[in-house]
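Data file: target-v9.pdb. Format and content: PDB, N, CA and C atoms.
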ATOM      1  N   GLY A   1     -42.052 -14.581 -17.165
ATOM      2  CA  GLY A   1     -42.201 -13.483 -16.396
ATOM      3  C   GLY A   1     -42.431 -12.158 -17.068
ATOM      4  N   ALA A   2     -43.376 -11.486 -16.515
ATOM      5  CA  ALA A   2     -43.704 -10.130 -16.940
ATOM      6  C   ALA A   2     -42.873  -9.121 -16.159
ATOM      7  N   VAL A   3     -42.639  -7.986 -16.760
ATOM      8  CA  VAL A   3     -41.969  -6.882 -16.068
ATOM      9  C   VAL A   3     -42.968  -6.319 -15.054
ATOM     10  N   LEU A   4     -42.556  -6.275 -13.778
ATOM     11  CA  LEU A   4     -43.459  -5.796 -12.732
ATOM     12  C   LEU A   4     -43.431  -4.289 -12.585
ATOM     13  N   ASP A   5     -42.285  -3.679 -12.841
ATOM     14  CA  ASP A   5     -42.151  -2.231 -12.729
ATOM     15  C   ASP A   5     -40.899  -1.831 -13.486
ATOM     16  N   ALA A   6     -40.819  -0.590 -13.886
ATOM     17  CA  ALA A   6     -39.638  -0.106 -14.599
ATOM     18  C   ALA A   6     -39.435   1.370 -14.300
ATOM     19  N   VAL A   7     -38.180   1.760 -14.209
ATOM     20  CA  VAL A   7     -37.795   3.161 -14.082
ATOM     21  C   VAL A   7     -36.759   3.398 -15.163
ATOM     22  N   GLN A   8     -36.951   4.420 -15.959
ATOM     23  CA  GLN A   8     -36.003   4.735 -17.024
ATOM     24  C   GLN A   8     -35.451   6.127 -16.794
ATOM     25  N   ILE A   9     -34.129   6.229 -16.819
ATOM     26  CA  ILE A   9     -33.469   7.516 -16.629
ATOM     27  C   ILE A   9     -32.576   7.779 -17.833
ATOM     28  N   GLY A  10     -32.239   9.037 -18.056
ATOM     29  CA  GLY A  10     -31.343   9.334 -19.150
ATOM     30  C   GLY A  10     -31.285  10.810 -19.457
ATOM     31  N   SER A  11     -30.399  11.135 -20.362
ATOM     32  CA  SER A  11     -30.227  12.507 -20.831
ATOM     33  C   SER A  11     -30.556  12.549 -22.317
ATOM     34  N   SER A  12     -30.322  13.671 -22.938
ATOM     35  CA  SER A  12     -30.540  13.779 -24.379
ATOM     36  C   SER A  12     -29.367  13.197 -25.169
ATOM     37  N   GLU A  13     -28.334  12.742 -24.454
ATOM     38  CA  GLU A  13     -27.155  12.128 -25.079
ATOM     39  C   GLU A  13     -27.116  10.643 -24.701
ATOM     40  N   SER A  14     -25.982   9.986 -24.931
ATOM     41  CA  SER A  14     -25.832   8.563 -24.599
ATOM     42  C   SER A  14     -25.550   8.394 -23.108
ATOM     43  N   ASP A  15     -26.161   7.368 -22.503
ATOM     44  CA  ASP A  15     -26.011   7.082 -21.084
ATOM     45  C   ASP A  15     -25.882   5.568 -20.896
ATOM     46  N   TRP A  16     -25.085   5.156 -19.903
ATOM     47  CA  TRP A  16     -24.888   3.744 -19.599
ATOM     48  C   TRP A  16     -24.904   3.547 -18.094
ATOM     49  N   VAL A  17     -25.598   2.539 -17.631
ATOM     50  CA  VAL A  17     -25.504   2.124 -16.228
ATOM     51  C   VAL A  17     -24.479   1.003 -16.182
ATOM     52  N   SER A  18     -23.488   1.126 -15.285
ATOM     53  CA  SER A  18     -22.439   0.117 -15.226
ATOM     54  C   SER A  18     -22.512  -0.773 -13.995
ATOM     55  N   ALA A  19     -23.203  -0.324 -12.938
ATOM     56  CA  ALA A  19     -23.329  -1.153 -11.739
ATOM     57  C   ALA A  19     -24.495  -0.636 -10.905
ATOM     58  N   MET A  20     -24.977  -1.501 -10.021
ATOM     59  CA  MET A  20     -26.045  -1.106  -9.109
ATOM     60  C   MET A  20     -25.908  -1.879  -7.816
ATOM     61  N   ILE A  21     -26.526  -1.326  -6.777
ATOM     62  CA  ILE A  21     -26.569  -2.009  -5.494
ATOM     63  C   ILE A  21     -27.928  -1.723  -4.868
ATOM     64  N   ALA A  22     -28.530  -2.751  -4.304
ATOM     65  CA  ALA A  22     -29.794  -2.601  -3.582
ATOM     66  C   ALA A  22     -29.490  -2.680  -2.092
ATOM     67  N   THR A  23     -30.156  -1.842  -1.308
ATOM     68  CA  THR A  23     -29.928  -1.821   0.126
ATOM     69  C   THR A  23     -31.157  -2.342   0.874
ATOM     70  N   ALA A  24     -30.961  -2.701   2.122
ATOM     71  CA  ALA A  24     -32.018  -3.296   2.930
ATOM     72  C   ALA A  24     -33.219  -2.374   3.114
ATOM     73  N   ASP A  25     -33.020  -1.067   2.955
ATOM     74  CA  ASP A  25     -34.122  -0.118   3.117
ATOM     75  C   ASP A  25     -34.986   0.009   1.863
ATOM     76  N   GLY A  26     -34.729  -0.821   0.855
ATOM     77  CA  GLY A  26     -35.542  -0.824  -0.356
ATOM     78  C   GLY A  26     -35.078   0.110  -1.447
ATOM     79  N   ARG A  27     -33.934   0.771  -1.252
ATOM     80  CA  ARG A  27     -33.408   1.680  -2.268
ATOM     81  C   ARG A  27     -32.481   0.933  -3.234
ATOM     82  N   VAL A  28     -32.436   1.447  -4.455
ATOM     83  CA  VAL A  28     -31.507   0.943  -5.464
ATOM     84  C   VAL A  28     -30.656   2.118  -5.905
ATOM     85  N   HIS A  29     -29.334   1.929  -5.891
ATOM     86  CA  HIS A  29     -28.385   2.966  -6.295
ATOM     87  C   HIS A  29     -27.730   2.501  -7.593
ATOM     88  N   LEU A  30     -27.862   3.314  -8.628
ATOM     89  CA  LEU A  30     -27.273   3.028  -9.933
ATOM     90  C   LEU A  30     -26.079   3.936 -10.156
ATOM     91  N   VAL A  31     -25.033   3.422 -10.779
ATOM     92  CA  VAL A  31     -23.905   4.254 -11.180
ATOM     93  C   VAL A  31     -23.666   4.018 -12.667
ATOM     94  N   GLY A  32     -23.323   5.091 -13.360
ATOM     95  CA  GLY A  32     -23.075   4.971 -14.782
ATOM     96  C   GLY A  32     -22.354   6.186 -15.318
ATOM     97  N   GLU A  33     -22.323   6.256 -16.629
ATOM     98  CA  GLU A  33     -21.674   7.394 -17.284
ATOM     99  C   GLU A  33     -22.636   8.013 -18.277
ATOM    100  N   THR A  34     -22.467   9.315 -18.469
ATOM    101  CA  THR A  34     -23.329  10.053 -19.378
ATOM    102  C   THR A  34     -22.509  11.019 -20.220
ATOM    103  N   ASN A  35     -22.960  11.227 -21.423
ATOM    104  CA  ASN A  35     -22.390  12.263 -22.284
ATOM    105  C   ASN A  35     -23.232  13.528 -22.219
ATOM    106  N   GLY A  36     -24.277  13.499 -21.407
ATOM    107  CA  GLY A  36     -25.189  14.635 -21.300
ATOM    108  C   GLY A  36     -25.382  15.068 -19.871
ATOM    109  N   SER A  37     -26.619  15.432 -19.557
ATOM    110  CA  SER A  37     -27.000  15.893 -18.217
ATOM    111  C   SER A  37     -28.145  15.028 -17.720
ATOM    112  N   ILE A  38     -27.881  14.184 -16.734
ATOM    113  CA  ILE A  38     -28.893  13.264 -16.225
ATOM    114  C   ILE A  38     -30.048  14.012 -15.569
ATOM    115  N   ASP A  39     -29.747  15.077 -14.822
ATOM    116  CA  ASP A  39     -30.820  15.812 -14.135
ATOM    117  C   ASP A  39     -31.369  16.968 -14.966
ATOM    118  N   GLY A  40     -30.819  17.197 -16.157
ATOM    119  CA  GLY A  40     -31.280  18.283 -17.005
ATOM    120  C   GLY A  40     -30.755  19.653 -16.599
ATOM    121  N   VAL A  41     -29.950  19.707 -15.544
ATOM    122  CA  VAL A  41     -29.415  20.967 -15.033
ATOM    123  C   VAL A  41     -27.888  20.966 -15.036
ATOM    124  N   THR A  42     -27.297  19.890 -14.489
ATOM    125  CA  THR A  42     -25.840  19.788 -14.386
ATOM    126  C   THR A  42     -25.229  19.666 -15.771
ATOM    127  N   GLN A  43     -24.284  20.542 -16.072
ATOM    128  CA  GLN A  43     -23.652  20.521 -17.381
ATOM    129  C   GLN A  43     -22.530  19.490 -17.419
ATOM    130  N   ASN A  44     -22.481  18.709 -18.478
ATOM    131  CA  ASN A  44     -21.421  17.729 -18.657
ATOM    132  C   ASN A  44     -20.083  18.447 -18.735
ATOM    133  N   THR A  45     -19.075  17.895 -18.059
ATOM    134  CA  THR A  45     -17.780  18.575 -17.983
ATOM    135  C   THR A  45     -16.735  18.033 -18.944
ATOM    136  N   GLY A  46     -17.067  17.005 -19.699
ATOM    137  CA  GLY A  46     -16.046  16.466 -20.602
ATOM    138  C   GLY A  46     -16.604  15.403 -21.513
ATOM    139  N   ASP A  47     -15.773  14.413 -21.803
ATOM    140  CA  ASP A  47     -16.151  13.327 -22.701
ATOM    141  C   ASP A  47     -17.323  12.545 -22.122
ATOM    142  N   SER A  48     -17.181  12.047 -20.915
ATOM    143  CA  SER A  48     -18.293  11.412 -20.201
ATOM    144  C   SER A  48     -18.136  11.693 -18.720
ATOM    145  N   ASP A  49     -19.237  11.844 -18.033
ATOM    146  CA  ASP A  49     -19.262  12.106 -16.600
ATOM    147  C   ASP A  49     -19.804  10.896 -15.857
ATOM    148  N   VAL A  50     -19.551  10.853 -14.570
ATOM    149  CA  VAL A  50     -20.084   9.828 -13.682
ATOM    150  C   VAL A  50     -21.429  10.317 -13.140
ATOM    151  N   PHE A  51     -22.407   9.423 -13.058
ATOM    152  CA  PHE A  51     -23.653   9.773 -12.384
ATOM    153  C   PHE A  51     -24.056   8.677 -11.419
ATOM    154  N   VAL A  52     -24.784   9.091 -10.380
ATOM    155  CA  VAL A  52     -25.405   8.169  -9.434
ATOM    156  C   VAL A  52     -26.867   8.569  -9.322
ATOM    157  N   VAL A  53     -27.745   7.593  -9.431
ATOM    158  CA  VAL A  53     -29.174   7.812  -9.257
ATOM    159  C   VAL A  53     -29.651   6.877  -8.151
ATOM    160  N   THR A  54     -30.393   7.429  -7.196
ATOM    161  CA  THR A  54     -30.996   6.624  -6.139
ATOM    162  C   THR A  54     -32.496   6.546  -6.384
ATOM    163  N   ILE A  55     -33.002   5.318  -6.432
ATOM    164  CA  ILE A  55     -34.426   5.072  -6.619
ATOM    165  C   ILE A  55     -34.963   4.531  -5.297
ATOM    166  N   GLY A  56     -36.020   5.166  -4.798
ATOM    167  CA  GLY A  56     -36.585   4.805  -3.501
ATOM    168  C   GLY A  56     -37.488   3.588  -3.553
ATOM    169  N   PRO A  57     -37.933   3.138  -2.388
ATOM    170  CA  PRO A  57     -38.823   1.975  -2.307
ATOM    171  C   PRO A  57     -40.137   2.180  -3.055
ATOM    172  N   ASP A  58     -40.525   3.436  -3.271
ATOM    173  CA  ASP A  58     -41.750   3.740  -4.007
ATOM    174  C   ASP A  58     -41.504   3.838  -5.514
ATOM    175  N   HIS A  59     -40.265   3.496  -5.930
ATOM    176  CA  HIS A  59     -39.860   3.448  -7.344
ATOM    177  C   HIS A  59     -39.758   4.835  -7.970
ATOM    178  N   ARG A  60     -39.567   5.839  -7.142
ATOM    179  CA  ARG A  60     -39.356   7.202  -7.638
ATOM    180  C   ARG A  60     -37.897   7.584  -7.474
ATOM    181  N   VAL A  61     -37.396   8.394  -8.385
ATOM    182  CA  VAL A  61     -36.017   8.875  -8.289
ATOM    183  C   VAL A  61     -35.927   9.835  -7.106
ATOM    184  N   GLU A  62     -35.051   9.511  -6.153
ATOM    185  CA  GLU A  62     -34.863  10.345  -4.967
ATOM    186  C   GLU A  62     -33.687  11.300  -5.109
ATOM    187  N   ARG A  63     -32.658  10.854  -5.825
ATOM    188  CA  ARG A  63     -31.454  11.684  -5.922
ATOM    189  C   ARG A  63     -30.758  11.421  -7.241
ATOM    190  N   VAL A  64     -30.213  12.499  -7.800
ATOM    191  CA  VAL A  64     -29.369  12.422  -8.991
ATOM    192  C   VAL A  64     -28.109  13.214  -8.697
ATOM    193  N   TRP A  65     -26.970  12.598  -8.912
ATOM    194  CA  TRP A  65     -25.659  13.205  -8.639
ATOM    195  C   TRP A  65     -24.811  12.996  -9.888
ATOM    196  N   GLN A  66     -24.100  14.034 -10.323
ATOM    197  CA  GLN A  66     -23.258  13.933 -11.519
ATOM    198  C   GLN A  66     -21.997  14.747 -11.319
ATOM    199  N   ARG A  67     -20.862  14.144 -11.621
ATOM    200  CA  ARG A  67     -19.561  14.832 -11.561
ATOM    201  C   ARG A  67     -18.684  14.281 -12.686
ATOM    202  N   GLY A  68     -17.689  15.081 -13.070
ATOM    203  CA  GLY A  68     -16.787  14.608 -14.106
ATOM    204  C   GLY A  68     -15.552  15.452 -14.219
ATOM    205  N   THR A  69     -14.668  15.005 -15.075
ATOM    206  CA  THR A  69     -13.445  15.730 -15.412
ATOM    207  C   THR A  69     -13.554  16.128 -16.882
ATOM    208  N   PRO A  70     -12.626  16.901 -17.402
ATOM    209  CA  PRO A  70     -12.653  17.206 -18.831
ATOM    210  C   PRO A  70     -12.396  15.972 -19.711
ATOM    211  N   GLY A  71     -11.929  14.875 -19.106
ATOM    212  CA  GLY A  71     -11.628  13.661 -19.856
ATOM    213  C   GLY A  71     -12.754  12.646 -19.822
ATOM    214  N   TYR A  72     -12.373  11.387 -20.056
ATOM    215  CA  TYR A  72     -13.305  10.266 -20.085
ATOM    216  C   TYR A  72     -13.331   9.618 -18.707
ATOM    217  N   ASP A  73     -14.478   9.647 -18.046
ATOM    218  CA  ASP A  73     -14.651   9.094 -16.711
ATOM    219  C   ASP A  73     -15.522   7.845 -16.801
ATOM    220  N   LYS A  74     -15.003   6.731 -16.315
ATOM    221  CA  LYS A  74     -15.710   5.456 -16.430
ATOM    222  C   LYS A  74     -15.903   4.835 -15.050
ATOM    223  N   PRO A  75     -17.110   4.929 -14.492
ATOM    224  CA  PRO A  75     -17.384   4.272 -13.220
ATOM    225  C   PRO A  75     -17.568   2.773 -13.444
ATOM    226  N   MET A  76     -17.084   1.970 -12.498
ATOM    227  CA  MET A  76     -17.191   0.525 -12.657
ATOM    228  C   MET A  76     -17.817  -0.181 -11.473
ATOM    229  N   ALA A  77     -17.894   0.485 -10.306
ATOM    230  CA  ALA A  77     -18.442  -0.167  -9.119
ATOM    231  C   ALA A  77     -19.059   0.862  -8.192
ATOM    232  N   ILE A  78     -20.032   0.417  -7.407
ATOM    233  CA  ILE A  78     -20.650   1.248  -6.393
ATOM    234  C   ILE A  78     -20.785   0.406  -5.131
ATOM    235  N   ALA A  79     -20.575   1.028  -3.981
ATOM    236  CA  ALA A  79     -20.664   0.319  -2.707
ATOM    237  C   ALA A  79     -21.278   1.241  -1.670
ATOM    238  N   VAL A  80     -21.924   0.639  -0.691
ATOM    239  CA  VAL A  80     -22.471   1.390   0.439
ATOM    240  C   VAL A  80     -21.584   1.111   1.638
ATOM    241  N   GLY A  81     -21.057   2.187   2.222
ATOM    242  CA  GLY A  81     -20.179   2.068   3.374
ATOM    243  C   GLY A  81     -20.922   2.313   4.671
ATOM    244  N   PRO A  82     -20.166   2.513   5.749
ATOM    245  CA  PRO A  82     -20.768   2.794   7.048
ATOM    246  C   PRO A  82     -21.707   4.008   6.977
ATOM    247  N   CYS A  83     -22.758   3.959   7.709
ATOM    248  CA  CYS A  83     -23.732   5.057   7.802
ATOM    249  C   CYS A  83     -24.417   5.348   6.469
ATOM    250  N   GLY A  84     -24.408   4.392   5.538
ATOM    251  CA  GLY A  84     -25.111   4.572   4.276
ATOM    252  C   GLY A  84     -24.393   5.414   3.245
ATOM    253  N   ARG A  85     -23.119   5.745   3.484
ATOM    254  CA  ARG A  85     -22.381   6.557   2.503
ATOM    255  C   ARG A  85     -22.113   5.739   1.244
ATOM    256  N   LEU A  86     -22.261   6.394   0.077
ATOM    257  CA  LEU A  86     -22.037   5.736  -1.207
ATOM    258  C   LEU A  86     -20.636   6.037  -1.718
ATOM    259  N   PHE A  87     -19.996   5.017  -2.296
ATOM    260  CA  PHE A  87     -18.673   5.159  -2.892
ATOM    261  C   PHE A  87     -18.712   4.604  -4.302
ATOM    262  N   VAL A  88     -18.056   5.317  -5.222
ATOM    263  CA  VAL A  88     -17.971   4.915  -6.616
ATOM    264  C   VAL A  88     -16.503   4.762  -6.977
ATOM    265  N   ALA A  89     -16.168   3.673  -7.671
ATOM    266  CA  ALA A  89     -14.796   3.444  -8.133
ATOM    267  C   ALA A  89     -14.799   3.294  -9.643
ATOM    268  N   GLY A  90     -13.710   3.725 -10.259
ATOM    269  CA  GLY A  90     -13.612   3.609 -11.705
ATOM    270  C   GLY A  90     -12.276   4.107 -12.213
ATOM    271  N   SER A  91     -12.269   4.551 -13.463
ATOM    272  CA  SER A  91     -11.043   5.066 -14.069
ATOM    273  C   SER A  91     -11.339   6.362 -14.806
ATOM    274  N   THR A  92     -10.294   7.156 -14.990
ATOM    275  CA  THR A  92     -10.419   8.442 -15.680
ATOM    276  C   THR A  92      -9.116   8.772 -16.382
ATOM    277  N   ASP A  93      -9.199   9.540 -17.441
ATOM    278  CA  ASP A  93      -7.975  10.104 -18.021
ATOM    279  C   ASP A  93      -7.917  11.597 -17.727
ATOM    280  N   GLY A  94      -8.748  12.049 -16.793
ATOM    281  CA  GLY A  94      -8.742  13.425 -16.313
ATOM    282  C   GLY A  94      -8.240  13.463 -14.882
ATOM    283  N   ALA A  95      -8.674  14.465 -14.128
ATOM    284  CA  ALA A  95      -8.250  14.606 -12.729
ATOM    285  C   ALA A  95      -9.425  15.091 -11.887
ATOM    286  N   PHE A  96      -9.870  14.277 -10.956
ATOM    287  CA  PHE A  96     -10.933  14.685 -10.034
ATOM    288  C   PHE A  96     -10.408  15.612  -8.948
ATOM    289  N   VAL A  97      -9.108  15.570  -8.692
ATOM    290  CA  VAL A  97      -8.486  16.447  -7.690
ATOM    291  C   VAL A  97      -7.315  17.174  -8.335
ATOM    292  N   ALA A  98      -7.001  18.366  -7.826
ATOM    293  CA  ALA A  98      -5.880  19.145  -8.367
ATOM    294  C   ALA A  98      -4.599  18.319  -8.306
ATOM    295  N   GLY A  99      -3.893  18.258  -9.392
ATOM    296  CA  GLY A  99      -2.653  17.496  -9.452
ATOM    297  C   GLY A  99      -2.857  15.995  -9.475
ATOM    298  N   GLY A 100      -4.103  15.551  -9.711
ATOM    299  CA  GLY A 100      -4.423  14.130  -9.615
ATOM    300  C   GLY A 100      -4.074  13.291 -10.823
ATOM    301  N   ALA A 101      -3.950  13.896 -12.005
ATOM    302  CA  ALA A 101      -3.668  13.116 -13.204
ATOM    303  C   ALA A 101      -2.225  12.628 -13.203
ATOM    304  N   HIS A 102      -2.067  11.319 -13.380
ATOM    305  CA  HIS A 102      -0.729  10.725 -13.360
ATOM    306  C   HIS A 102      -0.306  10.239 -14.740
ATOM    307  N   GLY A 103      -1.100  10.519 -15.750
ATOM    308  CA  GLY A 103      -0.773  10.096 -17.111
ATOM    309  C   GLY A 103      -1.569   8.860 -17.486
ATOM    310  N   GLY A 104      -1.998   8.785 -18.725
ATOM    311  CA  GLY A 104      -2.819   7.649 -19.150
ATOM    312  C   GLY A 104      -4.127   7.614 -18.390
ATOM    313  N   ARG A 105      -4.547   6.444 -18.008
ATOM    314  CA  ARG A 105      -5.778   6.295 -17.223
ATOM    315  C   ARG A 105      -5.401   6.040 -15.773
ATOM    316  N   ASP A 106      -6.119   6.691 -14.872
ATOM    317  CA  ASP A 106      -5.914   6.538 -13.442
ATOM    318  C   ASP A 106      -7.182   5.983 -12.810
ATOM    319  N   GLY A 107      -7.022   5.322 -11.679
ATOM    320  CA  GLY A 107      -8.168   4.865 -10.909
ATOM    321  C   GLY A 107      -8.667   5.984 -10.014
ATOM    322  N   PHE A 108      -9.930   5.908  -9.607
ATOM    323  CA  PHE A 108     -10.473   6.869  -8.650
ATOM    324  C   PHE A 108     -11.486   6.186  -7.745
ATOM    325  N   VAL A 109     -11.653   6.768  -6.579
ATOM    326  CA  VAL A 109     -12.732   6.434  -5.651
ATOM    327  C   VAL A 109     -13.351   7.748  -5.231
ATOM    328  N   LEU A 110     -14.662   7.871  -5.379
ATOM    329  CA  LEU A 110     -15.387   9.089  -5.011
ATOM    330  C   LEU A 110     -16.400   8.763  -3.929
ATOM    331  N   GLU A 111     -16.524   9.629  -2.941
ATOM    332  CA  GLU A 111     -17.621   9.520  -1.987
ATOM    333  C   GLU A 111     -18.740  10.415  -2.498
ATOM    334  N   VAL A 112     -19.923   9.859  -2.634
ATOM    335  CA  VAL A 112     -21.076  10.587  -3.137
ATOM    336  C   VAL A 112     -21.847  11.149  -1.965
ATOM    337  N   ARG A 113     -22.010  12.456  -1.941
ATOM    338  CA  ARG A 113     -22.746  13.109  -0.839
ATOM    339  C   ARG A 113     -24.002  13.743  -1.346
TER     340      ARG A 113
END

Please rewrite the model in this file as structure tokens.
Amino acid sequence: GAVLDAVQIGSSESDWVSAMIATADGRVHLVGETNGSIDGVTQNTGDSDVFVVTIGPDHRVERVWQRGTPGYDKPMAIAVGPCGRLFVAGSTDGAFVAGGAHGGRDGFVLEVR
């Protein structure tokens, strides 16, 4: 088999895709971590940030979302909920919410809007 199509995303730093989900409407949602800026605008907030990229049925990037804490943020799963809402789960040694750090590494679930 030959590669039929490819989309490559990244920043000027190290980037990893950790999970993806394809939806019935032909979109693919990728979740990963970056040490840089996936969209070239959003500034990295710490060791690594979480990113979500949505690729449309036409194989073009439709959306780029990036958030992080001052610590190491590691996304591990992505899911599509009711009404097409995206959710990302993973671990962090920072705090996505005020007072959220409980010591060591904590789990998180983020709704991507």

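Minimum atom-to-atom distance to A:Arg27, evaluated using only N, CA and C atoms, belongs to A:Pro57 out of A:Gly46, A:Gly1, A:Gly10, A:Pro57.
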
Apply the PyMOL selection byres ((chain A and resi 63) around 6.5) to the structure shown and report the selected residues as a PyMOL selection string. chain A and resi 52-55+60-62+64-65

When the PyMOL selection byres (((chain A and resi 85 and name CA) around 12) and name CA) is applied to the structure above, which residues does it catch, written out as a ChimeraX atom specification? /A:23,29,78-84,86-88,110-113

To one decimal place in Å, what is the distance between atom C of A:Ala2 and atom CA of A:Gly32? 24.3 Å

Which residues, written as a compact mmCIF listing (two decimals) with N, CA and C atoms, in the frame of the given file, have at least one atom at most 7 Å from A:Thr92, with only C-alpha atoms counted and residues fewer than 6 positions away on the same chain left out?
# COMPACT_ATOMS: atom_id res chain seq x y z
N GLY A 71 -11.93 14.88 -19.11
CA GLY A 71 -11.63 13.66 -19.86
C GLY A 71 -12.75 12.65 -19.82
N TYR A 72 -12.37 11.39 -20.06
CA TYR A 72 -13.30 10.27 -20.08
C TYR A 72 -13.33 9.62 -18.71
N ASP A 73 -14.48 9.65 -18.05
CA ASP A 73 -14.65 9.09 -16.71
C ASP A 73 -15.52 7.84 -16.80
N LYS A 74 -15.00 6.73 -16.32
CA LYS A 74 -15.71 5.46 -16.43
C LYS A 74 -15.90 4.84 -15.05
N ARG A 105 -4.55 6.44 -18.01
CA ARG A 105 -5.78 6.30 -17.22
C ARG A 105 -5.40 6.04 -15.77
N ASP A 106 -6.12 6.69 -14.87
CA ASP A 106 -5.91 6.54 -13.44
C ASP A 106 -7.18 5.98 -12.81
N GLY A 107 -7.02 5.32 -11.68
CA GLY A 107 -8.17 4.86 -10.91
C GLY A 107 -8.67 5.98 -10.01

Could you pull out the strand (DSSP E or B) residues of chain A from DSSP and send them as JSON, numbers by chain? {"A": [15, 16, 17, 18, 19, 20, 21, 22, 28, 29, 30, 31, 32, 33, 34, 48, 49, 50, 51, 52, 53, 54, 55, 61, 62, 63, 64, 65, 66, 67, 72, 73, 74, 75, 76, 77, 78, 79, 80, 86, 87, 88, 89, 90, 91, 92, 106, 107, 108, 109, 110, 111, 112]}

Using the chain letters and numbering of this document, enumerate as an MDAnalysis selection string the residues selected by the PyMOL selection byres ((chain A and resi 35) around 6.5). chainID A and resid 13:15 33:34 36:37 44 47:49

Please report the interatomic distance between atom C of A:Thr42 and atom N of A:Gly26 in Å with one decimal. 28.0 Å

Atom C of A:Pro70 to atom CA of A:Gly104, straight-line distance in Å: 12.7 Å

Give me, as a ChimeraX atom specification, all polymer residues having an atom no more than 6 Å from stretch 19-21 of chain A, counting only C-alpha atoms and skipping those fewer than 3 positions away in the same chain. /A:28-31,77

Put the listed atoms of stretch 65-73 of chain A in a box along x, y and z with 4 Å added on every side and give me the centre and edge lengths in Å to one decimal, as lines of an AutoDock Vina configuration file.
center_x = -19.3
center_y = 12.5
center_z = -14.4
size_x = 23.3
size_y = 17.4
size_z = 19.4

Residue list as a PyMOL selection string for point (-11.6, 16.1, -15.4), cut-off 6 Å, all atoms listed in the file: chain A and resi 68-71+94-96
